[in-house]
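> File structure_29.pdb follows (PDB, C-alpha atoms):
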ATOM      1  CA  MET A1320     106.450  86.504 104.346  1.00  0.00           C
ATOM      2  CA  HIS A1321     102.711  87.208 104.433  1.00  0.00           C
ATOM      3  CA  VAL A1322      99.384  85.466 104.827  1.00  0.00           C
ATOM      4  CA  ARG A1323      95.883  86.620 103.932  1.00  0.00           C
ATOM      5  CA  MET A1324      93.597  86.339 106.947  1.00  0.00           C
ATOM      6  CA  LEU A1325      89.850  85.825 106.560  1.00  0.00           C
ATOM      7  CA  VAL A1326      87.526  86.702 109.443  1.00  0.00           C
ATOM      8  CA  PRO A1327      83.801  85.868 109.241  1.00  0.00           C
ATOM      9  CA  PRO A1328      81.099  88.151 110.619  1.00  0.00           C
ATOM     10  CA  ARG A1329      80.675  87.761 114.356  1.00  0.00           C
ATOM     11  CA  ASN A1330      77.974  85.341 115.501  1.00  0.00           C
ATOM     12  CA  ARG A1331      77.609  83.783 112.031  1.00  0.00           C
ATOM     13  CA  GLU A1332      78.771  80.378 110.841  1.00  0.00           C
ATOM     14  CA  PRO A1333      81.676  81.046 108.450  1.00  0.00           C
ATOM     15  CA  VAL A1334      81.212  80.671 104.718  1.00  0.00           C
ATOM     16  CA  TRP A1335      84.683  80.269 103.246  1.00  0.00           C
ATOM     17  CA  PRO A1336      85.744  81.051  99.670  1.00  0.00           C
ATOM     18  CA  GLY A1337      85.208  78.416  96.996  1.00  0.00           C
ATOM     19  CA  LEU A1338      86.320  78.054  93.392  1.00  0.00           C
ATOM     20  CA  ARG A1339      84.507  79.432  90.385  1.00  0.00           C
ATOM     21  CA  GLU A1340      84.298  77.492  87.134  1.00  0.00           C
ATOM     22  CA  ASP A1341      87.297  79.445  85.804  1.00  0.00           C
ATOM     23  CA  GLY A1342      89.399  78.385  88.798  1.00  0.00           C
ATOM     24  CA  ARG A1343      89.371  81.774  90.528  1.00  0.00           C
ATOM     25  CA  LEU A1344      88.376  82.273  94.142  1.00  0.00           C
ATOM     26  CA  ALA A1345      84.749  83.113  94.827  1.00  0.00           C
ATOM     27  CA  TYR A1346      84.345  85.081  98.044  1.00  0.00           C
ATOM     28  CA  PRO A1347      81.021  85.096  99.925  1.00  0.00           C
ATOM     29  CA  THR A1348      79.016  88.310  99.733  1.00  0.00           C
ATOM     30  CA  GLY A1349      76.191  89.993 101.623  1.00  0.00           C
ATOM     31  CA  ASP A1350      75.714  88.921 105.236  1.00  0.00           C
ATOM     32  CA  ASP A1351      78.491  86.339 104.863  1.00  0.00           C
ATOM     33  CA  GLU A1352      81.121  88.777 103.525  1.00  0.00           C
ATOM     34  CA  LEU A1353      84.528  88.152 105.067  1.00  0.00           C
ATOM     35  CA  LEU A1354      86.988  90.639 106.502  1.00  0.00           C
ATOM     36  CA  VAL A1355      90.186  90.131 104.449  1.00  0.00           C
ATOM     37  CA  ARG A1356      93.526  91.534 105.621  1.00  0.00           C
ATOM     38  CA  VAL A1357      97.183  90.761 104.862  1.00  0.00           C
ATOM     39  CA  TYR A1358      99.557  90.213 107.787  1.00  0.00           C
ATOM     40  CA  THR A1359     103.170  89.192 108.237  1.00  0.00           C
ATOM     41  CA  ILE A1360     103.914  85.705 109.502  1.00  0.00           C
ATOM     42  CA  ARG A1361     106.021  86.612 112.530  1.00  0.00           C
ATOM     43  CA  ALA A1362     106.970  83.016 113.330  1.00  0.00           C
ATOM     44  CA  VAL A1363     105.851  79.396 112.992  1.00  0.00           C
ATOM     45  CA  ASP A1364     106.102  76.921 115.866  1.00  0.00           C
ATOM     46  CA  ALA A1365     105.481  73.524 114.254  1.00  0.00           C
ATOM     47  CA  GLU A1366     105.912  71.622 117.534  1.00  0.00           C
ATOM     48  CA  HIS A1367     103.055  73.518 119.189  1.00  0.00           C
ATOM     49  CA  ARG A1368     101.074  73.924 115.934  1.00  0.00           C
ATOM     50  CA  GLU A1369     101.175  77.704 116.255  1.00  0.00           C
ATOM     51  CA  LEU A1370     101.454  80.455 113.669  1.00  0.00           C
ATOM     52  CA  TRP A1371     102.292  83.851 115.141  1.00  0.00           C
ATOM     53  CA  VAL A1372     100.866  87.098 113.751  1.00  0.00           C
ATOM     54  CA  ASP A1373     101.383  90.547 115.287  1.00  0.00           C
ATOM     55  CA  PHE A1374      98.518  93.041 115.098  1.00  0.00           C
ATOM     56  CA  LEU A1375      99.124  96.764 115.373  1.00  0.00           C
ATOM     57  CA  GLN A1376      96.608  98.427 117.680  1.00  0.00           C
ATOM     58  CA  HIS A1377      96.006 101.928 116.336  1.00  0.00           C
ATOM     59  CA  PRO A1378      92.664 103.319 117.490  1.00  0.00           C
ATOM     60  CA  ILE A1379      91.833 106.615 115.821  1.00  0.00           C
ATOM     61  CA  PRO A1380      88.464 108.334 116.381  1.00  0.00           C
ATOM     62  CA  GLY A1381      86.291 107.892 113.317  1.00  0.00           C
ATOM     63  CA  VAL A1382      88.675 105.475 111.564  1.00  0.00           C
ATOM     64  CA  ALA A1383      87.659 101.815 111.301  1.00  0.00           C
ATOM     65  CA  THR A1384      90.323  99.269 112.329  1.00  0.00           C
ATOM     66  CA  PRO A1385      88.497  95.924 111.927  1.00  0.00           C
ATOM     67  CA  GLY A1386      91.629  93.772 111.815  1.00  0.00           C
ATOM     68  CA  ALA A1387      92.987  95.245 115.035  1.00  0.00           C
ATOM     69  CA  ASP A1388      89.509  95.000 116.595  1.00  0.00           C
ATOM     70  CA  PHE A1389      89.325  91.285 115.795  1.00  0.00           C
ATOM     71  CA  ALA A1390      92.724  90.639 117.396  1.00  0.00           C
ATOM     72  CA  ARG A1391      91.784  92.653 120.486  1.00  0.00           C
ATOM     73  CA  ASP A1392      88.414  90.958 121.001  1.00  0.00           C
ATOM     74  CA  ALA A1393      89.137  87.393 119.815  1.00  0.00           C
ATOM     75  CA  GLN A1394      88.214  84.589 122.216  1.00  0.00           C
ATOM     76  CA  PRO A1395      89.198  80.906 122.280  1.00  0.00           C
ATOM     77  CA  GLY A1396      86.991  79.109 119.756  1.00  0.00           C
ATOM     78  CA  ASP A1397      86.535  82.086 117.427  1.00  0.00           C
ATOM     79  CA  LYS A1398      87.187  81.056 113.844  1.00  0.00           C
ATOM     80  CA  ALA A1399      89.393  82.617 111.188  1.00  0.00           C
ATOM     81  CA  ALA A1400      91.130  81.248 108.110  1.00  0.00           C
ATOM     82  CA  PHE A1401      94.316  81.863 106.173  1.00  0.00           C
ATOM     83  CA  LEU A1402      95.135  81.954 102.470  1.00  0.00           C
ATOM     84  CA  GLY A1403      98.748  81.750 101.419  1.00  0.00           C
ATOM     85  CA  PRO A1404     101.472  82.188 102.323  1.00  0.00           C
ATOM     86  CA  GLY A1405     102.672  84.723  99.790  1.00  0.00           C
ATOM     87  CA  GLY A1406     104.341  88.105  99.570  1.00  0.00           C
ATOM     88  CA  GLY A1407     107.821  87.152  98.463  1.00  0.00           C
ATOM     89  CA  SER A1408     110.737  85.726 100.397  1.00  0.00           C
ATOM     90  CA  LEU A1409     113.302  86.922 102.912  1.00  0.00           C
ATOM     91  CA  PRO A1410     116.004  89.247 101.561  1.00  0.00           C
ATOM     92  CA  VAL A1411     119.301  87.513 100.833  1.00  0.00           C
ATOM     93  CA  ALA A1412     122.502  89.591 100.921  1.00  0.00           C
ATOM     94  CA  ASP A1413     125.601  90.080 103.038  1.00  0.00           C
ATOM     95  CA  THR A1414     124.319  93.535 104.027  1.00  0.00           C
ATOM     96  CA  ILE A1415     120.701  94.626 104.422  1.00  0.00           C
ATOM     97  CA  LEU A1416     119.150  98.052 105.066  1.00  0.00           C
ATOM     98  CA  LEU A1417     115.726  97.801 106.757  1.00  0.00           C
ATOM     99  CA  ILE A1418     113.402 100.816 106.841  1.00  0.00           C
ATOM    100  CA  GLY A1419     109.877 100.905 108.252  1.00  0.00           C
ATOM    101  CA  ASP A1420     107.399 101.922 110.937  1.00  0.00           C
ATOM    102  CA  GLU A1421     105.089  99.996 113.283  1.00  0.00           C
ATOM    103  CA  ALA A1422     103.293  98.356 110.385  1.00  0.00           C
ATOM    104  CA  ALA A1423     106.593  96.917 109.159  1.00  0.00           C
ATOM    105  CA  LEU A1424     108.010  95.970 112.560  1.00  0.00           C
ATOM    106  CA  PRO A1425     106.784  92.333 112.465  1.00  0.00           C
ATOM    107  CA  ALA A1426     108.429  91.815 109.074  1.00  0.00           C
ATOM    108  CA  ILE A1427     111.665  93.484 110.184  1.00  0.00           C
ATOM    109  CA  ALA A1428     111.724  91.275 113.290  1.00  0.00           C
ATOM    110  CA  ARG A1429     111.123  88.171 111.151  1.00  0.00           C
ATOM    111  CA  ILE A1430     113.961  89.090 108.777  1.00  0.00           C
ATOM    112  CA  ALA A1431     116.355  89.783 111.650  1.00  0.00           C
ATOM    113  CA  ALA A1432     115.477  86.476 113.294  1.00  0.00           C
ATOM    114  CA  GLU A1433     116.047  84.369 110.179  1.00  0.00           C
ATOM    115  CA  VAL A1434     119.103  85.835 108.433  1.00  0.00           C
ATOM    116  CA  PRO A1435     122.263  83.694 108.352  1.00  0.00           C
ATOM    117  CA  ALA A1436     124.853  84.311 111.031  1.00  0.00           C
ATOM    118  CA  GLY A1437     127.140  87.206 110.213  1.00  0.00           C
ATOM    119  CA  THR A1438     124.686  89.104 108.000  1.00  0.00           C
ATOM    120  CA  ARG A1439     125.176  92.826 108.573  1.00  0.00           C
ATOM    121  CA  MET A1440     121.979  94.834 108.981  1.00  0.00           C
ATOM    122  CA  LYS A1441     121.030  98.418 109.672  1.00  0.00           C
ATOM    123  CA  ALA A1442     117.439  99.171 110.658  1.00  0.00           C
ATOM    124  CA  ILE A1443     115.685 102.548 110.840  1.00  0.00           C
ATOM    125  CA  ILE A1444     112.319 102.112 112.561  1.00  0.00           C
ATOM    126  CA  GLU A1445     109.773 104.816 113.405  1.00  0.00           C
ATOM    127  CA  VAL A1446     107.487 104.225 116.406  1.00  0.00           C
ATOM    128  CA  GLU A1447     105.475 106.428 118.745  1.00  0.00           C
ATOM    129  CA  ASP A1448     107.904 106.333 121.692  1.00  0.00           C
ATOM    130  CA  ALA A1449     110.452 104.157 123.497  1.00  0.00           C
ATOM    131  CA  ALA A1450     107.695 101.962 124.940  1.00  0.00           C
ATOM    132  CA  GLU A1451     106.921 100.760 121.402  1.00  0.00           C
ATOM    133  CA  GLU A1452     110.427  99.455 120.761  1.00  0.00           C
ATOM    134  CA  GLN A1453     110.834  95.675 120.548  1.00  0.00           C
ATOM    135  CA  PRO A1454     113.859  93.408 120.977  1.00  0.00           C
ATOM    136  CA  LEU A1455     115.088  92.111 117.621  1.00  0.00           C
ATOM    137  CA  PRO A1456     117.034  88.904 118.305  1.00  0.00           C
ATOM    138  CA  THR A1457     119.286  87.836 115.434  1.00  0.00           C
ATOM    139  CA  ALA A1458     122.285  85.703 114.528  1.00  0.00           C
ATOM    140  CA  GLY A1459     123.392  88.592 112.331  1.00  0.00           C
ATOM    141  CA  ILE A1460     124.946  91.919 113.248  1.00  0.00           C
ATOM    142  CA  LEU A1461     122.180  94.492 113.687  1.00  0.00           C
ATOM    143  CA  GLU A1462     122.464  98.257 114.231  1.00  0.00           C
ATOM    144  CA  THR A1463     119.050  99.720 115.033  1.00  0.00           C
ATOM    145  CA  ARG A1464     118.060 103.368 114.995  1.00  0.00           C
ATOM    146  CA  TRP A1465     114.677 104.043 116.609  1.00  0.00           C
ATOM    147  CA  LEU A1466     112.809 107.228 115.659  1.00  0.00           C
ATOM    148  CA  HIS A1467     110.242 108.401 118.243  1.00  0.00           C
ATOM    149  CA  ARG A1468     107.407 110.501 116.822  1.00  0.00           C
ATOM    150  CA  LYS A1469     106.538 111.730 120.305  1.00  0.00           C
ATOM    151  CA  THR A1470     109.842 113.615 120.479  1.00  0.00           C
ATOM    152  CA  TYR A1471     109.587 115.294 117.066  1.00  0.00           C
ATOM    153  CA  PRO A1472     109.353 119.109 116.985  1.00  0.00           C
ATOM    154  CA  THR A1473     105.863 120.310 116.104  1.00  0.00           C
ATOM    155  CA  ASP A1474     107.062 121.519 112.715  1.00  0.00           C
ATOM    156  CA  ALA A1475     108.887 118.272 111.835  1.00  0.00           C
ATOM    157  CA  ARG A1476     107.951 116.720 108.490  1.00  0.00           C
ATOM    158  CA  ASN A1477     108.870 113.445 106.815  1.00  0.00           C
ATOM    159  CA  VAL A1478     111.361 112.399 109.493  1.00  0.00           C
ATOM    160  CA  LEU A1479     111.421 108.708 108.548  1.00  0.00           C
ATOM    161  CA  ARG A1480     111.551 109.518 104.842  1.00  0.00           C
ATOM    162  CA  ASN A1481     114.480 111.900 105.316  1.00  0.00           C
ATOM    163  CA  ALA A1482     116.411 109.451 107.483  1.00  0.00           C
ATOM    164  CA  ALA A1483     115.789 106.704 104.942  1.00  0.00           C
ATOM    165  CA  ASN A1484     116.884 108.940 102.106  1.00  0.00           C
ATOM    166  CA  GLU A1485     120.233 109.609 103.761  1.00  0.00           C
ATOM    167  CA  ALA A1486     120.747 105.949 104.644  1.00  0.00           C
ATOM    168  CA  ILE A1487     119.983 104.803 101.100  1.00  0.00           C
ATOM    169  CA  LYS A1488     122.420 107.328  99.660  1.00  0.00           C
ATOM    170  CA  ALA A1489     125.129 105.879 101.911  1.00  0.00           C
ATOM    171  CA  THR A1490     124.596 102.273 100.778  1.00  0.00           C
ATOM    172  CA  ASP A1491     126.572 100.490  98.081  1.00  0.00           C
ATOM    173  CA  ASP A1492     125.244  98.492  95.139  1.00  0.00           C
ATOM    174  CA  THR A1493     125.489  95.153  96.967  1.00  0.00           C
ATOM    175  CA  THR A1494     123.176  96.124  99.849  1.00  0.00           C
ATOM    176  CA  PHE A1495     119.647  94.769  99.894  1.00  0.00           C
ATOM    177  CA  VAL A1496     117.340  97.740 100.568  1.00  0.00           C
ATOM    178  CA  TRP A1497     114.059  96.731 102.247  1.00  0.00           C
ATOM    179  CA  VAL A1498     111.433  99.451 102.772  1.00  0.00           C
ATOM    180  CA  ALA A1499     107.854  99.222 104.059  1.00  0.00           C
ATOM    181  CA  CYS A1500     105.967 102.240 105.391  1.00  0.00           C
ATOM    182  CA  GLU A1501     103.410 104.905 104.388  1.00  0.00           C
ATOM    183  CA  LYS A1502     102.399 105.190 100.731  1.00  0.00           C
ATOM    184  CA  GLU A1503     103.785 108.658  99.957  1.00  0.00           C
ATOM    185  CA  ASP A1504     107.075 107.914 101.700  1.00  0.00           C
ATOM    186  CA  VAL A1505     107.392 104.741  99.656  1.00  0.00           C
ATOM    187  CA  ARG A1506     106.759 106.599  96.407  1.00  0.00           C
ATOM    188  CA  THR A1507     109.561 109.033  97.168  1.00  0.00           C
ATOM    189  CA  LEU A1508     112.017 106.327  98.229  1.00  0.00           C
ATOM    190  CA  ARG A1509     111.176 104.122  95.250  1.00  0.00           C
ATOM    191  CA  SER A1510     111.908 107.068  92.958  1.00  0.00           C
ATOM    192  CA  LEU A1511     115.271 107.514  94.658  1.00  0.00           C
ATOM    193  CA  MET A1512     116.104 103.843  94.122  1.00  0.00           C
ATOM    194  CA  THR A1513     115.105 104.093  90.465  1.00  0.00           C
ATOM    195  CA  LYS A1514     117.391 107.070  89.942  1.00  0.00           C
ATOM    196  CA  ARG A1515     120.226 105.120  91.584  1.00  0.00           C
ATOM    197  CA  ARG A1516     119.537 102.214  89.193  1.00  0.00           C
ATOM    198  CA  HIS A1517     119.754  99.864  92.125  1.00  0.00           C
ATOM    199  CA  ASN A1518     119.552  96.178  91.224  1.00  0.00           C
ATOM    200  CA  LYS A1519     115.844  95.266  91.407  1.00  0.00           C
ATOM    201  CA  LYS A1520     116.779  91.858  92.812  1.00  0.00           C
ATOM    202  CA  LEU A1521     118.327  93.661  95.775  1.00  0.00           C
ATOM    203  CA  MET A1522     115.340  95.703  96.872  1.00  0.00           C
ATOM    204  CA  TYR A1523     111.841  95.373  98.252  1.00  0.00           C
ATOM    205  CA  ILE A1524     109.817  98.589  98.508  1.00  0.00           C
ATOM    206  CA  ALA A1525     106.136  98.414  99.429  1.00  0.00           C
ATOM    207  CA  TRP A1526     103.558 100.631 101.088  1.00  0.00           C
ATOM    208  CA  TYR A1527     101.778  99.008 104.038  1.00  0.00           C
ATOM    209  CA  TRP A1528      99.295 101.817 104.689  1.00  0.00           C
ATOM    210  CA  ALA A1529      98.119 105.167 103.333  1.00  0.00           C
ATOM    211  CA  ARG A1530      97.613 108.384 105.245  1.00  0.00           C
ATOM    212  CA  GLU A1531      94.138 109.877 104.905  1.00  0.00           C
ATOM    213  CA  ARG A1532      94.194 113.213 103.138  1.00  0.00           C
ATOM    214  CA  ALA A1533      92.014 116.122 104.172  1.00  0.00           C
TER     215      ALA A1533
END
Could you take the file, read its structure, and then write that structure out as structure tokens?


Amino acid sequence: MHVRMLVPPRNREPVWPGLREDGRLAYPTGDDELLVRVYTIRAVDAEHRELWVDFLQHPIPGVATPGADFARDAQPGDKAAFLGPGGGSLPVADTILLIGDEAALPAIARIAAEVPAGTRMKAIIEVEDAAEEQPLPTAGILETRWLHRKTYPTDARNVLRNAANEAIKATDDTTFVWVACEKEDVRTLRSLMTKRRHNKKLMYIAWYWARERA
């Protein structure tokens, strides 16, 4: 599902990782230190020798977003490298519940695109507004519920978490539950799944980002 992307410092010849004597990776340091980020493989086009990766653009004053900056500013001929792939495999089940936000949208789209025909899926996806929605082509049967933060009341809290909580409670033991969102939301939803004693082979729950605390 995922690949580790390595971006060298701008205007420097890349120094890529090598192997230490113990077989572990040795990353360059100092002026040659690489930017390392994990991204979802959205699609692979072998005929055109293309690997597709979506980058979320999320500029926030005072918050560094080097991965998004690289994607925004990249020019033909700029160099980057990949390690992997890794990060597990696609969920396999007759029914799948998908829960996530913008950070998880590429993975949700990949899952929807590759499930076998007839797979039943329900997706709950939080984005800023309707303009951030994406088509999710699939051979399965997909019901999508989009949550728009821009329309939330000013006192709204944990909207995605609450919607996910209700959806999880309504699932049966044969549903694959796939969750990827903010760290605290994931902790709460993982605890719920533990209390339900849901089959660990039928769930993937991971935090893709963490909210900065004051």

> For this structure, which residues satisfy the selection - the PyMOL selection byres ((chain A and resi 1353-1364) around 7) - when it is evaluated on the file as given? I want them as a short mmCIF file (atom, residue, chain, number, x, y, z; two decimals) with C-alpha atoms, in the coordinates of the input.


data_model
loop_
_atom_site.label_atom_id
_atom_site.label_comp_id
_atom_site.auth_asym_id
_atom_site.auth_seq_id
_atom_site.Cartn_x
_atom_site.Cartn_y
_atom_site.Cartn_z
CA MET A 1320 106.45 86.50 104.35
CA HIS A 1321 102.71 87.21 104.43
CA VAL A 1322 99.38 85.47 104.83
CA ARG A 1323 95.88 86.62 103.93
CA MET A 1324 93.60 86.34 106.95
CA LEU A 1325 89.85 85.82 106.56
CA VAL A 1326 87.53 86.70 109.44
CA PRO A 1327 83.80 85.87 109.24
CA PRO A 1328 81.10 88.15 110.62
CA PRO A 1347 81.02 85.10 99.92
CA ASP A 1351 78.49 86.34 104.86
CA GLU A 1352 81.12 88.78 103.52
CA ALA A 1365 105.48 73.52 114.25
CA GLU A 1366 105.91 71.62 117.53
CA HIS A 1367 103.06 73.52 119.19
CA ARG A 1368 101.07 73.92 115.93
CA GLU A 1369 101.18 77.70 116.26
CA LEU A 1370 101.45 80.46 113.67
CA TRP A 1371 102.29 83.85 115.14
CA VAL A 1372 100.87 87.10 113.75
CA ASP A 1373 101.38 90.55 115.29
CA GLY A 1386 91.63 93.77 111.82
CA PRO A 1425 106.78 92.33 112.46
CA ALA A 1426 108.43 91.82 109.07
CA ARG A 1429 111.12 88.17 111.15
#

> Just to confirm, what's the straight-line distance from atom CA of Thr1414 of chain A to atom CA of Asp1504 of chain A in Å (one decimal)?

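Value for the atom CA of Thr1414 of chain A-atom CA of Asp1504 of chain A distance: 22.6 Å.
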
> Return as an MDAnalysis selection string the set of residues that the PyMOL selection byres ((chain A and resi 1517) around 10) yields on the displayed structure.

chainID A and resid 1491:1496 1511:1516 1518:1522

> List as CSV every residue of segment 1366-1441 of chain A that is in contact with segment 1451-1464 of chain A, defined as an atom at most 12 Å from one of its atoms (using only C-alpha atoms), together with the nearest atom pair and the distance in Å rounded to one decimal, sorted by chain and then rising number.


residue,atom,partner,partner_atom,distance
A:Asp1373,CA,A:Gln1453,CA,12.0
A:Leu1375,CA,A:Glu1451,CA,10.6
A:Gln1376,CA,A:Glu1451,CA,11.2
A:Ala1412,CA,A:Gly1459,CA,11.5
A:Asp1413,CA,A:Gly1459,CA,9.7
A:Thr1414,CA,A:Ile1460,CA,9.4
A:Ile1415,CA,A:Leu1461,CA,9.4
A:Leu1416,CA,A:Glu1462,CA,9.7
A:Leu1417,CA,A:Thr1463,CA,9.1
A:Ile1418,CA,A:Arg1464,CA,9.7
A:Gly1419,CA,A:Arg1464,CA,10.9
A:Asp1420,CA,A:Glu1451,CA,10.5
A:Glu1421,CA,A:Glu1451,CA,8.4
A:Ala1422,CA,A:Glu1451,CA,11.8
A:Leu1424,CA,A:Gln1453,CA,8.5
A:Pro1425,CA,A:Gln1453,CA,9.6
A:Ala1426,CA,A:Leu1455,CA,10.8
A:Ile1427,CA,A:Leu1455,CA,8.3
A:Ala1428,CA,A:Leu1455,CA,5.5
A:Arg1429,CA,A:Leu1455,CA,8.6
A:Ile1430,CA,A:Thr1457,CA,8.6
A:Ala1431,CA,A:Thr1457,CA,5.2
A:Ala1432,CA,A:Thr1457,CA,4.6
A:Glu1433,CA,A:Thr1457,CA,7.1
A:Val1434,CA,A:Gly1459,CA,6.4
A:Pro1435,CA,A:Gly1459,CA,6.4
A:Ala1436,CA,A:Ala1458,CA,4.6
A:Gly1437,CA,A:Gly1459,CA,4.5
A:Thr1438,CA,A:Gly1459,CA,4.5
A:Arg1439,CA,A:Ile1460,CA,4.8
A:Met1440,CA,A:Leu1461,CA,4.7
A:Lys1441,CA,A:Glu1462,CA,4.8

> Report, in Å with one decimal, the straight-line distance from atom CA of Glu1503 of chain A to atom CA of Ala1525 of chain A.

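Answer for the atom CA of Glu1503 of chain A to atom CA of Ala1525 of chain A separation: 10.5 Å.
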
> Skipping near chain neighbours, those fewer than 4 positions away, what residues fall within 10 Å of Ala1482 of chain A using only C-alpha atoms, listed as a list in words?

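Contacts, in chain order: Ile1418, Ile1443, Ile1444, Arg1464, Leu1466, Asn1477, Val1478, Ala1486 and Ile1487 of chain A.
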